[in-house]
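Structure file start17.pdb; described as PDB, C-alpha atoms.
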```pdb
ATOM      1  CA  MET A   1       0.000   0.000   0.000
ATOM      2  CA  THR A   2       2.810   2.403   0.891
ATOM      3  CA  LEU A   3       4.592   1.738  -2.398
ATOM      4  CA  ALA A   4       1.363   2.397  -4.304
ATOM      5  CA  LEU A   5       0.914   5.716  -2.482
ATOM      6  CA  LEU A   6       4.506   6.684  -3.178
ATOM      7  CA  LEU A   7       4.117   5.914  -6.872
ATOM      8  CA  MET A   8       0.823   7.821  -6.935
ATOM      9  CA  ALA A   9       2.506  10.872  -5.379
ATOM     10  CA  CYS A  10       5.244  10.657  -8.035
ATOM     11  CA  VAL A  11       2.784  10.310 -10.910
ATOM     12  CA  LEU A  12       0.579  13.162  -9.683
ATOM     13  CA  THR A  13       3.588  15.427  -9.232
ATOM     14  CA  CYS A  14       4.874  14.507 -12.682
ATOM     15  CA  ALA A  15       1.442  15.146 -14.216
ATOM     16  CA  GLY A  16       1.387  18.535 -12.496
ATOM     17  CA  GLN A  17       4.766  19.411 -13.983
ATOM     18  CA  VAL A  18       3.615  18.365 -17.454
ATOM     19  CA  ALA A  19       0.460  20.477 -17.109
ATOM     20  CA  GLN A  20       2.627  23.436 -16.057
ATOM     21  CA  LYS A  21       4.741  22.966 -19.172
ATOM     22  CA  TYR A  22       1.637  22.916 -21.374
ATOM     23  CA  ALA A  23       0.333  26.045 -19.617
ATOM     24  CA  VAL A  24       3.463  28.069 -20.252
ATOM     25  CA  GLU A  25       3.781  26.735 -23.801
ATOM     26  CA  SER A  26       0.258  28.002 -24.515
ATOM     27  CA  TRP A  27       1.373  31.473 -23.378
ATOM     28  CA  ARG A  28       4.505  31.538 -25.543
ATOM     29  CA  ASP A  29       4.627  34.270 -28.190
ATOM     30  CA  VAL A  30       1.206  35.574 -27.124
ATOM     31  CA  ASP A  31       0.743  38.807 -25.211
ATOM     32  CA  LEU A  32      -1.776  37.674 -22.601
ATOM     33  CA  GLY A  33      -2.702  39.434 -19.423
ATOM     34  CA  VAL A  34      -2.545  37.794 -16.022
ATOM     35  CA  ALA A  35      -6.321  37.366 -15.908
ATOM     36  CA  HIS A  36      -6.271  35.377 -19.157
ATOM     37  CA  LYS A  37      -3.397  33.213 -17.907
ATOM     38  CA  LEU A  38      -5.297  32.458 -14.703
ATOM     39  CA  ARG A  39      -8.126  30.999 -16.817
ATOM     40  CA  SER A  40      -5.806  28.439 -18.410
ATOM     41  CA  PRO A  41      -7.186  24.903 -17.976
ATOM     42  CA  TRP A  42      -3.591  23.606 -17.991
ATOM     43  CA  LEU A  43      -2.737  25.839 -15.052
ATOM     44  CA  TRP A  44      -5.739  24.573 -13.076
ATOM     45  CA  LEU A  45      -4.943  20.974 -13.963
ATOM     46  CA  ALA A  46      -1.391  21.556 -12.711
ATOM     47  CA  LEU A  47      -2.687  22.958  -9.433
ATOM     48  CA  LEU A  48      -5.102  20.044  -9.043
ATOM     49  CA  CYS A  49      -2.455  17.393  -9.711
ATOM     50  CA  LEU A  50       0.132  19.055  -7.494
ATOM     51  CA  GLY A  51      -2.427  19.539  -4.710
ATOM     52  CA  LEU A  52      -3.531  15.912  -4.849
ATOM     53  CA  GLY A  53       0.113  14.864  -5.008
ATOM     54  CA  LEU A  54       0.752  16.824  -1.810
ATOM     55  CA  LEU A  55      -2.135  15.093  -0.033
ATOM     56  CA  VAL A  56      -0.922  11.667  -1.118
ATOM     57  CA  TRP A  57       2.613  12.633  -0.079
ATOM     58  CA  LEU A  58       1.327  13.387   3.424
ATOM     59  CA  LEU A  59      -0.080   9.853   3.562
ATOM     60  CA  VAL A  60       3.312   8.509   2.481
ATOM     61  CA  LEU A  61       5.045  10.455   5.252
ATOM     62  CA  GLN A  62       2.711   8.863   7.801
ATOM     63  CA  ARG A  63       3.960   5.442   6.720
ATOM     64  CA  LEU A  64       7.651   5.946   5.883
ATOM     65  CA  GLU A  65      10.581   7.734   7.451
ATOM     66  CA  VAL A  66      11.284  10.966   5.598
ATOM     67  CA  GLY A  67      14.895   9.862   5.054
ATOM     68  CA  ILE A  68      13.606   6.941   2.980
ATOM     69  CA  ALA A  69      10.511   8.541   1.438
ATOM     70  CA  TYR A  70      12.014  11.786   0.168
ATOM     71  CA  PRO A  71      14.806  10.280  -1.935
ATOM     72  CA  MET A  72      12.170   8.043  -3.551
ATOM     73  CA  LEU A  73      10.649  11.199  -5.036
ATOM     74  CA  SER A  74      13.694  11.305  -7.292
ATOM     75  CA  LEU A  75      11.649   8.940  -9.456
ATOM     76  CA  ASN A  76      10.084  12.182 -10.679
ATOM     77  CA  PHE A  77      13.429  12.965 -12.323
ATOM     78  CA  VAL A  78      13.139   9.702 -14.247
ATOM     79  CA  LEU A  79       9.483  10.250 -15.194
ATOM     80  CA  ILE A  80      10.016  13.839 -16.290
ATOM     81  CA  THR A  81      13.028  12.813 -18.368
ATOM     82  CA  LEU A  82      10.906  10.203 -20.163
ATOM     83  CA  VAL A  83       8.102  12.734 -20.706
ATOM     84  CA  ALA A  84      10.581  15.319 -21.995
ATOM     85  CA  ARG A  85      12.015  12.825 -24.456
ATOM     86  CA  TYR A  86       8.881  11.129 -25.749
ATOM     87  CA  LEU A  87       6.114  13.714 -25.293
ATOM     88  CA  PHE A  88       7.988  16.968 -25.823
ATOM     89  CA  LYS A  89      10.585  15.473 -28.210
ATOM     90  CA  GLU A  90      13.477  17.011 -26.259
ATOM     91  CA  THR A  91      17.007  15.723 -26.796
ATOM     92  CA  ILE A  92      18.435  13.885 -23.802
ATOM     93  CA  ASP A  93      22.198  13.386 -23.850
ATOM     94  CA  LEU A  94      24.152  10.357 -22.631
ATOM     95  CA  ARG A  95      25.183  12.037 -19.378
ATOM     96  CA  HIS A  96      21.534  12.679 -18.548
ATOM     97  CA  TRP A  97      20.619   9.031 -19.272
ATOM     98  CA  CYS A  98      23.493   7.918 -17.019
ATOM     99  CA  GLY A  99      22.054  10.129 -14.282
ATOM    100  CA  VAL A 100      18.654   8.501 -14.787
ATOM    101  CA  GLY A 101      20.284   5.089 -14.389
ATOM    102  CA  LEU A 102      21.987   6.178 -11.173
ATOM    103  CA  VAL A 103      18.726   7.558  -9.793
ATOM    104  CA  ILE A 104      16.980   4.265 -10.537
ATOM    105  CA  ALA A 105      19.817   2.348  -8.856
ATOM    106  CA  GLY A 106      19.536   4.586  -5.801
ATOM    107  CA  VAL A 107      15.783   4.119  -5.576
ATOM    108  CA  VAL A 108      16.212   0.341  -5.838
ATOM    109  CA  LEU A 109      18.801   0.404  -3.040
ATOM    110  CA  LEU A 110      16.582   2.537  -0.814
ATOM    111  CA  GLY A 111      13.537   0.430  -1.674
ATOM    112  CA  GLN A 112      15.264  -2.644  -0.285
ATOM    113  CA  HIS A 113      15.745  -0.759   2.991
ATOM    114  CA  ALA A 114      12.092   0.283   3.346
TER     115      ALA A 114
END
```

Structure translated into structure tokens:
Amino acid sequence: MTLALLLMACVLTCAGQVAQKYAVESWRDVDLGVAHKLRSPWLWLALLCLGLGLLVWLLVLQRLEVGIAYPMLSLNFVLITLVARYLFKETIDLRHWCGVGLVIAGVVLLGQHA
């Protein structure tokens, strides 16, 4: 159950970051006022996902020590890298992929401790 909550917090946070990216991309090269930006559905989706992610994260912290739980959030680095590569078609260099591999190795090591 704790692992499922941790993964849910990661996915919600990642989804919030993606929605933020879509929000700011929709504002690019357009002179919009603040009021118009505040009506962006992507912005509200980002706030919803990040808010729900926070609530789920609080449940995770009730079940795991923060020293174990917090480093597990580095899975977001992996998820966002995959989203950047395959959804946003960004170039990811070899050094970045090596970092992703190290993050995954670290999460696996910490996961065995939990």

Quiz item: Evaluating the PyMOL selection byres ((chain A and resi 73-90) around 6) on the displayed file yields which residues, as number ranges by chain?
Solution: A: 10, 70-72, 91, 100

Self-check item: Separation of atom CA of Trp97 of chain A from atom CA of Leu47 of chain A, in Å and rounded to one decimal
Solution: 28.9 Å

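Proximity of A:Pro41, A:Val24, A:Gly67, A:His96 to Leu110 of chain A, computed with all atoms listed in the file, is greatest for A:Gly67.
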
Quiz prompt | Nearest to Val18 of chain A, chosen from A:Leu3, A:Val108, A:Leu45, A:Leu55, with all atoms listed in the file counted in the distances | solution =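 Ranking A:Leu3, A:Val108, A:Leu45, A:Leu55 by distance to Val18 of chain A, first place goes to A:Leu45.
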
Practice problem: Using the chain letters and numbering of this document, enumerate as a VMD selection string the residues selected by the PyMOL selection byres ((chain A and resi 42) around 8). | Solution: chain A and resid 19 to 20 22 to 23 40 to 41 43 to 46

Quiz item: Of the candidates A:Cys49, A:Leu58, A:Asp93, A:Ile68, which shows the shortest atom-to-atom distance to Gln112 of chain A, using only C-alpha atoms?
Solution: A:Ile68

Since the input lacks atoms, please generate all heavy atoms for segment 99-110 of chain A and provide them as a compact mmCIF listing (two decimals), in the coordinates of the input.
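Full text of out.txt as output:
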```txt
# COMPACT_ATOMS: atom_id res chain seq x y z
N GLY A 99 22.64 9.63 -15.53
CA GLY A 99 22.05 10.13 -14.28
C GLY A 99 20.74 9.44 -13.96
O GLY A 99 20.48 9.08 -12.81
N VAL A 100 19.92 9.21 -14.98
CA VAL A 100 18.65 8.50 -14.79
C VAL A 100 18.93 7.09 -14.26
O VAL A 100 18.29 6.61 -13.32
CB VAL A 100 17.84 8.45 -16.10
CG1 VAL A 100 16.71 7.45 -16.02
CG2 VAL A 100 17.31 9.83 -16.45
N GLY A 101 19.92 6.43 -14.85
CA GLY A 101 20.28 5.09 -14.39
C GLY A 101 20.74 5.09 -12.94
O GLY A 101 20.37 4.19 -12.16
N LEU A 102 21.53 6.09 -12.56
CA LEU A 102 21.99 6.18 -11.17
C LEU A 102 20.83 6.45 -10.21
O LEU A 102 20.79 5.90 -9.10
CB LEU A 102 23.06 7.26 -11.05
CG LEU A 102 24.41 6.92 -11.68
CD1 LEU A 102 25.32 8.15 -11.69
CD2 LEU A 102 25.07 5.75 -10.98
N VAL A 103 19.90 7.29 -10.63
CA VAL A 103 18.73 7.56 -9.79
C VAL A 103 17.93 6.27 -9.58
O VAL A 103 17.53 5.95 -8.46
CB VAL A 103 17.84 8.66 -10.41
CG1 VAL A 103 16.48 8.72 -9.75
CG2 VAL A 103 18.53 10.01 -10.32
N ILE A 104 17.71 5.53 -10.65
CA ILE A 104 16.98 4.26 -10.54
C ILE A 104 17.71 3.31 -9.61
O ILE A 104 17.09 2.67 -8.73
CB ILE A 104 16.75 3.64 -11.93
CG1 ILE A 104 15.78 4.50 -12.73
CG2 ILE A 104 16.22 2.20 -11.80
CD1 ILE A 104 15.66 4.11 -14.19
N ALA A 105 19.03 3.22 -9.74
CA ALA A 105 19.82 2.35 -8.86
C ALA A 105 19.67 2.78 -7.40
O ALA A 105 19.51 1.94 -6.51
CB ALA A 105 21.28 2.36 -9.28
N GLY A 106 19.70 4.08 -7.16
CA GLY A 106 19.54 4.59 -5.80
C GLY A 106 18.16 4.28 -5.22
O GLY A 106 18.04 3.90 -4.05
N VAL A 107 17.14 4.42 -6.03
CA VAL A 107 15.78 4.12 -5.58
C VAL A 107 15.65 2.63 -5.25
O VAL A 107 15.05 2.25 -4.26
CB VAL A 107 14.73 4.57 -6.62
CG1 VAL A 107 13.35 4.01 -6.30
CG2 VAL A 107 14.69 6.10 -6.68
N VAL A 108 16.24 1.79 -6.09
CA VAL A 108 16.21 0.34 -5.84
C VAL A 108 16.92 0.03 -4.52
O VAL A 108 16.40 -0.73 -3.69
CB VAL A 108 16.85 -0.44 -7.02
CG1 VAL A 108 17.08 -1.90 -6.64
CG2 VAL A 108 15.95 -0.34 -8.25
N LEU A 109 18.08 0.63 -4.29
CA LEU A 109 18.80 0.40 -3.04
C LEU A 109 17.99 0.86 -1.83
O LEU A 109 17.91 0.15 -0.82
CB LEU A 109 20.15 1.12 -3.06
CG LEU A 109 21.23 0.50 -3.93
CD1 LEU A 109 22.45 1.42 -4.00
CD2 LEU A 109 21.62 -0.87 -3.40
N LEU A 110 17.39 2.03 -1.93
CA LEU A 110 16.58 2.54 -0.81
C LEU A 110 15.32 1.70 -0.63
O LEU A 110 14.87 1.48 0.49
CB LEU A 110 16.20 3.99 -1.05
CG LEU A 110 17.28 5.00 -0.80
CD1 LEU A 110 16.83 6.38 -1.26
CD2 LEU A 110 17.68 5.04 0.65
```
